[in-house]
Amino acid sequence: MMNTSRVGWMVRFAVLVVIAAGISGRGLSLGLLAQDRQGSQATQLPRPDPEFQGTIGRTYEDSEASYPQPVKAPAGSPNVLLILLDDVGFGMCSPFGGPVETPHLQKLVDGGITFNRFHTTALCSPTRAALLAGRNHHSVGTGVIIEMGTGFPGYTGIIPRSTALVSEVLGDNGFATAMFGKWHNTPEPDISPAGPFDRWPTGLGFDYFYGFNQGEAHHFYPTLYRNTVPVEAPATPEEGYHLTEDLTDEAIGWIQNINAADPGKPWFVYFSTGAVHAPHHVPPDWQGRYKGRFDHGWDRQRELTHANQIAMGIIPEGTKLTPRPEELPAWETTTEDERKVYLRLMENYAEFMAHTDHEVGRIIDSLEASDELDNTLILYVVGDNGASAEGGLEGTFSELASLLGLQLGLESTIDRLDEIGGPSSEPHVPVGWAWAMDAPFQWTKQIASHFGGTRNPLVVHWPAGIKAKGELRSQFHHVIDVVPTILEACKLPAPEKVNGIPQKPIEGVSMAYCFDTPDAEGLRTTQYFEMLGNRAIYHDGWLACSRFGVPWMTAGREGDLLDTPWELYHIDEDFSQANDRAQENPEKLKELQAVFLEEAKKYNVLPLDSRMSERMDPKLRVGGAPPTSWTYFGNNVWLPEPIGPQLFPRPHTLTASVTIPEGGAEGVITCAGAFSAGWSLYVEGNTPAFRYTCFDIADVTIPGTKPLPTGEITIGTEFVPDGSVEGGGTLTILVNGEPAGEGKLKRTLVRHGLEPFEVGRDSITPVDPAYADEGDFAFTGTIKQVTFELK
């Protein structure tokens with residue numbers, strides 16, 4: 001702000017200019033009384049255009065120029081690096097007593113402070129939205145992942161314009177901003193070439209985005225976007241490609257270019273890995289490093305981790321190790337074949353985490369090399385929720401099947417142990433190992449009622465702003481507290497208006513008060529939790545909670561959501577949530593239940609909904625009546641599958657009008673999905689064929705019975721369901737309306753994973769291994785149009 005003597009001088013000068021203008025007729029000064037309104041402007045974003053500070057005469061010789069200057073961040077603002085890992089349990093990494101060695105994370109722990117009572121929401125998209133908005137996940141419409149959005153305010157998957165993200169606030173205040181990795185906060189219908197793009201990262205304050213837009217990615221064959229355009233991975237697995245390494249290279253390169261272009265400009269990077277979310281993919285040179293390290297089993301591993309945590313002071317002396325849920329088997333009861341599978345899956349999971357630490361370490365090393373580490377505020381959230389139980393009780397070779405309600409079981413993995421971690425696998429650990437990685441707490445990801453789902457370490461590293469080194473902080477905090485912490489460190493107010501829209505108040509509280517005051521009284525006294533019907537309320541040192549179902553049951557959860565029992569814990573004295581006091585203190589339980597209901601009404605938590613895979617149906621997110629027909633033109637259509645035709649297991653026809661050249665044609669006419677699950681209508685040797693791939697349990701190839709004629713023809717299919725719960729039925733290939741092949745599909749799916757719907761090619765991984773050596777197997781004829789109709 002200008003001081004009063006400066007303003008007074010300007011007023012006197014302005015009077016002289018006005019007098020002179022009246023005498024000479026040469027114009028007058030504009031904007032001389034303007035002030036640097038940093039405080040008031042920062043609450044209205046974007047800031048108004050700057051007022052002209054010069055003078056205007058009749059020609060430029062008797063005028064004074066004043067070129068508009070860009071908005072600059074407050075002097076001394078740190079860079080901000082926000083790191084978020086995926087599906088990492090509290091007890092997985094070595095700095096927190098876990099079995100996976102993470103030396104680069106340890107370096108940040110030793111040079112900063114660690115919060116051991118920091119909490120997430122128990123699921124992906126909700127944590128990410130709350131993390132960036134500084135408001136509760138239901139307040140920002142993200143009560144569940146975007147693929148499960150419904151038509152209730154807390155569950156749309158649409159972040160409201162009244163809750164601007166920290167990227168928008170920092171970007172409009174002079175920071176360069178970029179996001180690398182897993183986004184998972186664009187409404188699913190908007191992930192399309194037609195947009196709209198205002199809720200993609202680049203529409204929500206990020207100057208640059210490189211990563212993927214859905215809940216997970218194949219780490220060898222990802223579906224990638226640069227800003228809003230789909231792009232191919234820069235290399236193949238055979239050439240050494242891995243997604244985490246690619247994201248790291250991109251982030252380092254972006255930071256270096258920003259520093260080269262404008263060394264004084266602070267930046268904000270949100271580095272959100274797909275790791276260690278399934279599929280657990282590990283580069284070949286990292287495989288085998290943990291062989292034999294878990295032979296003692298999951299029960300013993302929790303005991304070892306618990307002992308380490310107490311010895312290291314990560315958890316208080318006297319903290320109890322919570323018991324194994326009765327729904328999980330003891331390690332000693334597992335068979336030899338089961339152990340063979342379970343151990344390989346866990347070794348692979350650990351190797352994935354170790355590799356991830358190495359890649360994050362490369363970013364830290366690059367900052368140190370460029371002398372930027374000291375004034376970079378690093379907030380490292382070690383997991384967006386607890387370790388995941390979505391691999392089922394037996395683990396799985398294909399985690400996508402589990403998310404779609406199919407538990408493939410031991411047989412999916414036992415004969416393919418050597419493939420685990422490689423490009424042909426999509427592996428996930430069994431629940432026992434996920435539970436072990438959440439030690440000392442109960443339960444896992446999804447279970448918002450217990451800390452196994454919601455408690456993740458937070459490491460804060462900022463040598464220029466925090467004196468403490470290697471210290472622990474035990475104040476109770478939540479992911480919504482990150483945004484106000486960043487704003488306080490950057491000396492910026494929360495905006496009152498963004499793009500003309502009044503903003504909801506920030507619901508988090510800054511954690512900066514305890515950066516250098518370890519014993520400061522915690523400022524967060526109340527926090528609700530809710531996910532898929534699992535709910536809890538923290539209030540004044542107590543926590544009441546109620547769990548519904550088990551997290552590996554992804555479809556068909558049964559029971560009365562409102563009749564589940566409640567538990568009560570005095571967590572100020574019971575760090576691990578081990579001593580249920582509901583029976584001895586019913587009045588306290590009743591008091592907290594009332595607080596939960598009050599918070600639930602305030603933050604759009606109601607209505608409660610325990611469904612999971614049932615909410616994955618894209619038709620739930622279609623305004624008005626869902627479409628019953630789709631038509632596409634040309635040989636080059638690429639859409640995310642949920643934006644394309646919604647076919648199986650419903651009766652439908654597919655009709656492609658094509659031109660077959662002299663000598664015949666080959667290639668994919670249309671397809672959706674990937675090598676593990678999907679469908680494809682293609683031509684090989686000038687003969688049509690149809691492939692339905694379903695996780696190796698219901699794969700069917702239907703060959704055509706005769707070659708295609710040349711010229712303009714139609715090729716299509718007709719599917720007639722058999723009424724089975726598996727969604728099976730008869731599929732007939734049609735050429736010019738006449739049958740040309742028929743077969744039985746044993747099982748079909750509502751959706752087929754991560755890869756797109758396409759016309760004219762199969763561009764990432766082949767649905768049918770028969771054409772795996774043909775690249776994208778582009779169709780060599782001409783496609784006029786392809787029409788799908790529900791019958």
# chains A, B, ... in the order shown; residues from 1 in each chain; ligands from 1
$ residues_around --residues "Tyr682 of chain A" --least-positions-apart "2" --cutoff "12 Å" --atoms "only C-alpha atoms" --output "ChimeraX atom specification"
/A:656,665-672,679-680,684-692,701-704,708,715-717,733,758-762,766-768,770-771,776-781
$ residues_around --residues "Thr653 of chain A" --least-positions-apart "2" --cutoff "9 Å" --atoms "only C-alpha atoms" --output "PyMOL selection string"
chain A and resi 647+651+655+716-719+787-791
$ write_last_selection --atoms "N, CA and C atoms" --output "mmCIF file, in the first residue's frame"
data_model
loop_
_atom_site.group_PDB
_atom_site.id
_atom_site.type_symbol
_atom_site.label_atom_id
_atom_site.label_comp_id
_atom_site.auth_asym_id
_atom_site.auth_seq_id
_atom_site.Cartn_x
_atom_site.Cartn_y
_atom_site.Cartn_z
ATOM 1 N N LEU A 647 -24.453 -49.940 -24.514
ATOM 2 C CA LEU A 647 -25.060 -51.073 -25.203
ATOM 3 C C LEU A 647 -25.387 -52.247 -24.299
ATOM 4 N N PRO A 651 -30.565 -55.273 -25.397
ATOM 5 C CA PRO A 651 -30.684 -55.674 -26.809
ATOM 6 C C PRO A 651 -30.392 -54.473 -27.706
ATOM 7 N N THR A 655 -24.899 -50.998 -36.943
ATOM 8 C CA THR A 655 -24.902 -51.019 -38.405
ATOM 9 C C THR A 655 -23.872 -50.022 -38.916
ATOM 10 N N GLY A 716 -22.663 -55.280 -39.595
ATOM 11 C CA GLY A 716 -23.215 -54.960 -38.292
ATOM 12 C C GLY A 716 -23.353 -56.168 -37.400
ATOM 13 N N THR A 717 -24.005 -55.955 -36.269
ATOM 14 C CA THR A 717 -24.287 -57.019 -35.314
ATOM 15 C C THR A 717 -25.663 -56.797 -34.721
ATOM 16 N N GLU A 718 -26.221 -57.870 -34.207
ATOM 17 C CA GLU A 718 -27.452 -57.801 -33.425
ATOM 18 C C GLU A 718 -27.250 -58.634 -32.175
ATOM 19 N N PHE A 719 -27.560 -58.031 -31.011
ATOM 20 C CA PHE A 719 -27.413 -58.737 -29.740
ATOM 21 C C PHE A 719 -28.780 -58.932 -29.109
ATOM 22 N N THR A 787 -24.102 -46.686 -36.842
ATOM 23 C CA THR A 787 -25.288 -46.392 -36.031
ATOM 24 C C THR A 787 -25.547 -47.523 -35.052
ATOM 25 N N PHE A 788 -25.814 -47.154 -33.799
ATOM 26 C CA PHE A 788 -26.180 -48.107 -32.748
ATOM 27 C C PHE A 788 -27.609 -47.793 -32.318
ATOM 28 N N GLU A 789 -28.418 -48.828 -32.178
ATOM 29 C CA GLU A 789 -29.803 -48.615 -31.743
ATOM 30 C C GLU A 789 -30.179 -49.656 -30.701
ATOM 31 N N LEU A 790 -30.778 -49.178 -29.612
ATOM 32 C CA LEU A 790 -31.346 -50.095 -28.632
ATOM 33 C C LEU A 790 -32.684 -50.590 -29.140
ATOM 34 N N LYS A 791 -32.973 -51.846 -28.908
ATOM 35 C CA LYS A 791 -34.218 -52.434 -29.410
ATOM 36 C C LYS A 791 -35.231 -52.573 -28.277
#
$ residues_around --residues "Phe220 of chain A" --least-positions-apart "5" --cutoff "6 Å" --atoms "only C-alpha atoms" --output "list in words"
Pro237, His242 and Pro423 of chain A
$ write_last_selection --atoms "N, CA, C and O atoms" --output "mmCIF file, in the first residue's frame"
data_model
loop_
_atom_site.group_PDB
_atom_site.id
_atom_site.type_symbol
_atom_site.label_atom_id
_atom_site.label_comp_id
_atom_site.auth_asym_id
_atom_site.auth_seq_id
_atom_site.Cartn_x
_atom_site.Cartn_y
_atom_site.Cartn_z
ATOM 1 N N PRO A 237 6.083 -49.893 -23.326
ATOM 2 C CA PRO A 237 6.734 -50.608 -22.221
ATOM 3 C C PRO A 237 8.060 -51.233 -22.653
ATOM 4 O O PRO A 237 9.025 -51.259 -21.869
ATOM 5 N N HIS A 242 6.993 -45.990 -18.271
ATOM 6 C CA HIS A 242 6.146 -46.156 -17.081
ATOM 7 C C HIS A 242 5.550 -44.797 -16.753
ATOM 8 O O HIS A 242 6.237 -43.771 -16.788
ATOM 9 N N PRO A 423 2.866 -55.463 -17.997
ATOM 10 C CA PRO A 423 1.813 -54.833 -18.805
ATOM 11 C C PRO A 423 0.569 -55.685 -19.020
ATOM 12 O O PRO A 423 -0.511 -55.133 -19.247
#
$ atom_distance --atom1 "atom CA of Ala122 of chain A" --atom2 "atom CA of Pro153 of chain A"
19.4 Å
$ residues_around --residues "segment 368-384 of chain A" --least-positions-apart "4" --cutoff "9 Å" --atoms "only C-alpha atoms" --output "ChimeraX atom specification"
/A:76-90,93,105,108,118-128,256,266,276,363-364,454-465,479,482,486,489
$ closest_residue --among "A:Glu336, A:Glu471, A:Glu239, A:Glu390" --to "Ile113 of chain A" --atoms "only C-alpha atoms"
A:Glu471
$ residues_around --residues "segment 161-175 of chain A" --least-positions-apart "5" --cutoff "8 Å" --atoms "only C-alpha atoms" --output "list in words"
Ala42, Leu45, Pro46, Arg47, Pro70, Val71, Lys72, Ala73, Leu132, Ala133, Gly134, Arg135, Val140, Leu204, Gly205, Phe206, Asp207, Lys265, Pro266, Trp267, Phe268, Val483, Ala494, Pro495, Val498, Ile501, Pro502, Gln503 and Lys504 of chain A
$ write_last_selection --atoms "N, CA and C atoms" --output "PDB file, in the first residue's frame"
ATOM      1  N   ALA A  42      -7.463  -8.610  -4.105  1.00  0.00           N
ATOM      2  CA  ALA A  42      -7.202 -10.042  -3.940  1.00  0.00           C
ATOM      3  C   ALA A  42      -8.441 -10.804  -3.502  1.00  0.00           C
ATOM      4  N   LEU A  45     -11.561 -12.079  -7.669  1.00  0.00           N
ATOM      5  CA  LEU A  45     -10.721 -12.693  -8.691  1.00  0.00           C
ATOM      6  C   LEU A  45     -11.547 -13.042  -9.915  1.00  0.00           C
ATOM      7  N   PRO A  46     -10.967 -12.915 -11.113  1.00  0.00           N
ATOM      8  CA  PRO A  46      -9.678 -12.276 -11.379  1.00  0.00           C
ATOM      9  C   PRO A  46      -9.716 -10.803 -10.982  1.00  0.00           C
ATOM     10  N   ARG A  47      -8.549 -10.224 -10.774  1.00  0.00           N
ATOM     11  CA  ARG A  47      -8.502  -8.818 -10.375  1.00  0.00           C
ATOM     12  C   ARG A  47      -8.940  -7.923 -11.526  1.00  0.00           C
ATOM     13  N   PRO A  70       1.728  -7.106 -15.103  1.00  0.00           N
ATOM     14  CA  PRO A  70       1.010  -8.306 -14.660  1.00  0.00           C
ATOM     15  C   PRO A  70       0.868  -8.349 -13.149  1.00  0.00           C
ATOM     16  N   VAL A  71      -0.121  -9.080 -12.701  1.00  0.00           N
ATOM     17  CA  VAL A  71      -0.305  -9.291 -11.263  1.00  0.00           C
ATOM     18  C   VAL A  71       0.898 -10.050 -10.727  1.00  0.00           C
ATOM     19  N   LYS A  72       1.421  -9.606  -9.636  1.00  0.00           N
ATOM     20  CA  LYS A  72       2.561 -10.280  -9.009  1.00  0.00           C
ATOM     21  C   LYS A  72       2.141 -10.853  -7.667  1.00  0.00           C
ATOM     22  N   ALA A  73       2.656 -12.025  -7.371  1.00  0.00           N
ATOM     23  CA  ALA A  73       2.407 -12.642  -6.075  1.00  0.00           C
ATOM     24  C   ALA A  73       3.025 -11.788  -4.979  1.00  0.00           C
ATOM     25  N   LEU A 132      -8.295 -29.475  -2.758  1.00  0.00           N
ATOM     26  CA  LEU A 132      -8.064 -28.293  -3.579  1.00  0.00           C
ATOM     27  C   LEU A 132      -9.035 -27.155  -3.285  1.00  0.00           C
ATOM     28  N   ALA A 133     -10.187 -27.475  -2.728  1.00  0.00           N
ATOM     29  CA  ALA A 133     -11.205 -26.447  -2.486  1.00  0.00           C
ATOM     30  C   ALA A 133     -11.189 -25.889  -1.072  1.00  0.00           C
ATOM     31  N   GLY A 134     -10.635 -26.630  -0.112  1.00  0.00           N
ATOM     32  CA  GLY A 134     -10.666 -26.162   1.269  1.00  0.00           C
ATOM     33  C   GLY A 134     -12.034 -26.252   1.905  1.00  0.00           C
ATOM     34  N   ARG A 135     -12.920 -27.045   1.262  1.00  0.00           N
ATOM     35  CA  ARG A 135     -14.260 -27.286   1.813  1.00  0.00           C
ATOM     36  C   ARG A 135     -14.500 -28.788   1.858  1.00  0.00           C
ATOM     37  N   VAL A 140     -18.580 -29.616  -1.944  1.00  0.00           N
ATOM     38  CA  VAL A 140     -18.130 -29.386  -3.322  1.00  0.00           C
ATOM     39  C   VAL A 140     -18.674 -30.462  -4.251  1.00  0.00           C
ATOM     40  N   LEU A 204      -9.976 -24.791 -14.254  1.00  0.00           N
ATOM     41  CA  LEU A 204     -10.093 -24.546 -12.812  1.00  0.00           C
ATOM     42  C   LEU A 204      -8.783 -24.016 -12.233  1.00  0.00           C
ATOM     43  N   GLY A 205      -8.108 -23.183 -13.030  1.00  0.00           N
ATOM     44  CA  GLY A 205      -6.976 -22.443 -12.487  1.00  0.00           C
ATOM     45  C   GLY A 205      -5.603 -22.973 -12.838  1.00  0.00           C
ATOM     46  N   PHE A 206      -5.507 -24.147 -13.459  1.00  0.00           N
ATOM     47  CA  PHE A 206      -4.193 -24.660 -13.821  1.00  0.00           C
ATOM     48  C   PHE A 206      -3.827 -24.207 -15.233  1.00  0.00           C
ATOM     49  N   ASP A 207      -2.649 -23.609 -15.355  1.00  0.00           N
ATOM     50  CA  ASP A 207      -2.169 -23.194 -16.668  1.00  0.00           C
ATOM     51  C   ASP A 207      -1.871 -24.397 -17.552  1.00  0.00           C
ATOM     52  N   LYS A 265       9.103 -15.606 -10.533  1.00  0.00           N
ATOM     53  CA  LYS A 265       7.686 -15.934 -10.431  1.00  0.00           C
ATOM     54  C   LYS A 265       7.490 -17.219  -9.638  1.00  0.00           C
ATOM     55  N   PRO A 266       6.724 -17.189  -8.552  1.00  0.00           N
ATOM     56  CA  PRO A 266       6.482 -18.431  -7.819  1.00  0.00           C
ATOM     57  C   PRO A 266       5.529 -19.334  -8.585  1.00  0.00           C
ATOM     58  N   TRP A 267       5.617 -20.625  -8.310  1.00  0.00           N
ATOM     59  CA  TRP A 267       4.768 -21.586  -9.003  1.00  0.00           C
ATOM     60  C   TRP A 267       4.052 -22.483  -8.006  1.00  0.00           C
ATOM     61  N   PHE A 268       2.957 -23.041  -8.480  1.00  0.00           N
ATOM     62  CA  PHE A 268       2.192 -24.044  -7.722  1.00  0.00           C
ATOM     63  C   PHE A 268       2.089 -25.291  -8.579  1.00  0.00           C
ATOM     64  N   VAL A 483      -5.775 -25.931   2.060  1.00  0.00           N
ATOM     65  CA  VAL A 483      -5.915 -24.671   1.325  1.00  0.00           C
ATOM     66  C   VAL A 483      -5.685 -23.459   2.219  1.00  0.00           C
ATOM     67  N   ALA A 494      -8.632 -15.475   1.324  1.00  0.00           N
ATOM     68  CA  ALA A 494      -9.586 -16.264   0.535  1.00  0.00           C
ATOM     69  C   ALA A 494     -10.472 -15.288  -0.225  1.00  0.00           C
ATOM     70  N   PRO A 495     -10.706 -15.514  -1.509  1.00  0.00           N
ATOM     71  CA  PRO A 495     -11.507 -14.561  -2.277  1.00  0.00           C
ATOM     72  C   PRO A 495     -12.972 -14.582  -1.859  1.00  0.00           C
ATOM     73  N   VAL A 498     -15.259 -14.863  -7.195  1.00  0.00           N
ATOM     74  CA  VAL A 498     -14.409 -15.372  -8.269  1.00  0.00           C
ATOM     75  C   VAL A 498     -15.252 -15.407  -9.536  1.00  0.00           C
ATOM     76  N   ILE A 501     -18.819 -14.542  -9.007  1.00  0.00           N
ATOM     77  CA  ILE A 501     -19.689 -15.435  -8.227  1.00  0.00           C
ATOM     78  C   ILE A 501     -19.278 -15.400  -6.757  1.00  0.00           C
ATOM     79  N   PRO A 502     -20.184 -15.057  -5.849  1.00  0.00           N
ATOM     80  CA  PRO A 502     -19.861 -15.077  -4.421  1.00  0.00           C
ATOM     81  C   PRO A 502     -19.409 -16.480  -3.990  1.00  0.00           C
ATOM     82  N   GLN A 503     -18.411 -16.521  -3.129  1.00  0.00           N
ATOM     83  CA  GLN A 503     -17.815 -17.784  -2.719  1.00  0.00           C
ATOM     84  C   GLN A 503     -18.314 -18.251  -1.357  1.00  0.00           C
ATOM     85  N   LYS A 504     -18.536 -19.561  -1.263  1.00  0.00           N
ATOM     86  CA  LYS A 504     -18.814 -20.138   0.045  1.00  0.00           C
ATOM     87  C   LYS A 504     -17.581 -19.965   0.932  1.00  0.00           C
TER      88      LYS A 504
END
$ residues_around --residues "segment 527-532 of chain A" --least-positions-apart "2" --cutoff "9 Å" --atoms "only C-alpha atoms" --output "ChimeraX atom specification"
/A:120-123,136,138,143-144,446-449,454,477-478,524-525,534-539,545,548,595-596,599-600,605,608-612
$ atom_distance --atom1 "atom CA of Asn348 of chain A" --atom2 "atom CA of Leu393 of chain A"
17.0 Å
$ residues_around --residues "Ala401 of chain A" --least-positions-apart "6" --cutoff "10 Å" --atoms "only C-alpha atoms" --output "MDAnalysis selection string"
chainID A and resid 390:391 407:408 426 676:677 694:695 749 752:753
$ select_by_dssp --residues "segment 384-451 of chain A" --states "strand (DSSP E or B)" --output "PyMOL selection string"
chain A and resi 396+398+426+428
$ write_last_selection --atoms "all heavy atoms" --output "tab-separated table (two decimals), in the first residue's frame"
chain	number	residue	atom	x	y	z
A	396	THR	N	-6.48	-60.10	-6.84
A	396	THR	CA	-6.97	-60.29	-8.20
A	396	THR	C	-5.90	-59.96	-9.21
A	396	THR	O	-5.03	-59.11	-8.97
A	396	THR	CB	-8.22	-59.43	-8.46
A	396	THR	OG1	-8.71	-59.68	-9.78
A	396	THR	CG2	-7.91	-57.95	-8.33
A	398	SER	N	-6.92	-58.81	-12.05
A	398	SER	CA	-7.53	-57.70	-12.79
A	398	SER	C	-8.45	-56.92	-11.86
A	398	SER	O	-9.61	-57.29	-11.66
A	398	SER	CB	-8.31	-58.20	-14.01
A	398	SER	OG	-8.76	-57.13	-14.78
A	426	GLU	N	-3.27	-56.50	-14.25
A	426	GLU	CA	-3.89	-55.34	-13.59
A	426	GLU	C	-4.09	-55.72	-12.12
A	426	GLU	O	-5.21	-55.77	-11.62
A	426	GLU	CB	-5.22	-54.99	-14.26
A	426	GLU	CG	-5.06	-54.49	-15.69
A	426	GLU	CD	-6.38	-54.36	-16.44
A	426	GLU	OE1	-7.34	-55.10	-16.10
A	426	GLU	OE2	-6.46	-53.53	-17.35
A	428	HIS	N	-3.99	-56.46	-7.91
A	428	HIS	CA	-4.36	-55.80	-6.65
A	428	HIS	C	-4.18	-56.80	-5.52
A	428	HIS	O	-4.50	-57.98	-5.66
A	428	HIS	CB	-5.81	-55.33	-6.73
A	428	HIS	CG	-6.18	-54.32	-5.68
A	428	HIS	ND1	-6.02	-54.53	-4.33
A	428	HIS	CD2	-6.72	-53.07	-5.80
A	428	HIS	CE1	-6.44	-53.47	-3.66
A	428	HIS	NE2	-6.87	-52.57	-4.54
$ atom_distance --atom1 "atom CA of Glu584 of chain A" --atom2 "atom CA of Pro325 of chain A"
22.1 Å
$ select_by_dssp --residues "segment 480-655 of chain A" --states "alpha helix (DSSP H)" --output "compact mmCIF listing (two decimals) with N, CA, C and O atoms, in the first residue's frame"
# COMPACT_ATOMS: atom_id res chain seq x y z
N VAL A 482 -5.70 -27.87 4.18
CA VAL A 482 -4.52 -27.60 3.36
C VAL A 482 -4.63 -26.25 2.67
O VAL A 482 -3.68 -25.46 2.65
N VAL A 483 -5.78 -25.93 2.06
CA VAL A 483 -5.92 -24.67 1.33
C VAL A 483 -5.68 -23.46 2.22
O VAL A 483 -4.89 -22.57 1.87
N PRO A 484 -6.34 -23.34 3.37
CA PRO A 484 -6.06 -22.16 4.19
C PRO A 484 -4.61 -22.09 4.66
O PRO A 484 -4.09 -20.99 4.87
N THR A 485 -3.96 -23.23 4.79
CA THR A 485 -2.54 -23.23 5.15
C THR A 485 -1.71 -22.62 4.03
O THR A 485 -0.81 -21.80 4.27
N ILE A 486 -2.00 -23.02 2.80
CA ILE A 486 -1.28 -22.46 1.65
C ILE A 486 -1.52 -20.96 1.55
O ILE A 486 -0.58 -20.17 1.34
N LEU A 487 -2.76 -20.54 1.70
CA LEU A 487 -3.08 -19.11 1.57
C LEU A 487 -2.37 -18.29 2.65
O LEU A 487 -1.86 -17.19 2.37
N GLU A 488 -2.32 -18.81 3.86
CA GLU A 488 -1.62 -18.07 4.91
C GLU A 488 -0.13 -17.98 4.62
O GLU A 488 0.48 -16.92 4.78
N ALA A 489 0.47 -19.08 4.16
CA ALA A 489 1.90 -19.06 3.86
C ALA A 489 2.21 -18.09 2.73
O ALA A 489 3.28 -17.47 2.70
N PRO A 586 -23.65 -44.09 26.85
CA PRO A 586 -24.67 -43.89 25.82
C PRO A 586 -25.06 -42.43 25.63
O PRO A 586 -25.46 -42.03 24.53
N GLU A 587 -24.98 -41.62 26.67
CA GLU A 587 -25.34 -40.21 26.53
C GLU A 587 -24.37 -39.46 25.63
O GLU A 587 -24.77 -38.62 24.82
N LYS A 588 -23.08 -39.76 25.79
CA LYS A 588 -22.08 -39.14 24.92
C LYS A 588 -22.30 -39.58 23.47
O LYS A 588 -22.20 -38.77 22.53
N LEU A 589 -22.63 -40.84 23.27
CA LEU A 589 -22.89 -41.34 21.92
C LEU A 589 -24.09 -40.60 21.32
O LEU A 589 -24.04 -40.16 20.15
N LYS A 590 -25.14 -40.46 22.08
CA LYS A 590 -26.34 -39.77 21.60
C LYS A 590 -26.02 -38.32 21.25
O LYS A 590 -26.49 -37.78 20.23
N GLU A 591 -25.20 -37.69 22.06
CA GLU A 591 -24.81 -36.30 21.81
C GLU A 591 -24.07 -36.19 20.47
O GLU A 591 -24.35 -35.30 19.66
N LEU A 592 -23.15 -37.11 20.23
CA LEU A 592 -22.37 -37.04 18.99
C LEU A 592 -23.21 -37.42 17.77
O LEU A 592 -23.00 -36.88 16.68
N GLN A 593 -24.14 -38.33 17.93
CA GLN A 593 -25.02 -38.65 16.81
C GLN A 593 -25.82 -37.43 16.37
O GLN A 593 -26.03 -37.20 15.17
N ALA A 594 -26.22 -36.63 17.33
CA ALA A 594 -26.94 -35.40 17.01
C ALA A 594 -26.02 -34.41 16.30
O ALA A 594 -26.45 -33.70 15.36
N VAL A 595 -24.78 -34.35 16.71
CA VAL A 595 -23.82 -33.46 16.05
C VAL A 595 -23.60 -33.93 14.61
O VAL A 595 -23.53 -33.11 13.69
N PHE A 596 -23.51 -35.24 14.41
CA PHE A 596 -23.34 -35.74 13.04
C PHE A 596 -24.49 -35.31 12.15
O PHE A 596 -24.30 -34.85 11.02
N LEU A 597 -25.71 -35.49 12.63
CA LEU A 597 -26.88 -35.14 11.83
C LEU A 597 -26.89 -33.64 11.51
O LEU A 597 -27.21 -33.24 10.37
N GLU A 598 -26.49 -32.84 12.46
CA GLU A 598 -26.43 -31.40 12.23
C GLU A 598 -25.40 -31.07 11.14
O GLU A 598 -25.67 -30.28 10.24
N GLU A 599 -24.22 -31.69 11.23
CA GLU A 599 -23.19 -31.47 10.22
C GLU A 599 -23.62 -32.01 8.86
O GLU A 599 -23.34 -31.41 7.82
N ALA A 600 -24.29 -33.15 8.86
CA ALA A 600 -24.73 -33.76 7.60
C ALA A 600 -25.72 -32.85 6.88
O ALA A 600 -25.67 -32.72 5.64
N LYS A 601 -26.61 -32.22 7.62
CA LYS A 601 -27.56 -31.30 7.00
C LYS A 601 -26.85 -30.04 6.49
O LYS A 601 -27.18 -29.51 5.43
N LYS A 602 -25.86 -29.59 7.23
CA LYS A 602 -25.16 -28.36 6.87
C LYS A 602 -24.33 -28.52 5.60
O LYS A 602 -24.23 -27.61 4.79
$ closest_atom_pairs --of "segment 317-403 of chain A" --to "segment 565-580 of chain A" --cutoff "12 Å" --atoms "only C-alpha atoms" --output "tab-separated table"
residue	atom	partner	partner_atom	distance
A:Glu317	CA	A:Phe575	CA	9.7
A:Gly318	CA	A:Asp574	CA	8.9
A:Thr319	CA	A:Phe575	CA	6.0
A:Lys320	CA	A:Ser576	CA	6.4
A:Leu321	CA	A:Ser576	CA	7.1
A:Thr322	CA	A:Ala578	CA	5.5
A:Pro323	CA	A:Ala578	CA	8.3
A:Arg324	CA	A:Ala578	CA	11.4
$ closest_residue --among "A:Gly678, A:Gly97, A:Gly422, A:Gly541" --to "Pro284 of chain A" --atoms "only C-alpha atoms"
A:Gly422
$ closest_residue --among "A:Val658, A:Ile466, A:Leu620, A:Ile697" --to "Phe515 of chain A" --atoms "only C-alpha atoms"
A:Ile466
$ closest_residue --among "A:Gly405, A:Gly112, A:Pro99, A:Gly624" --to "Tyr349 of chain A" --atoms "only C-alpha atoms"
A:Pro99
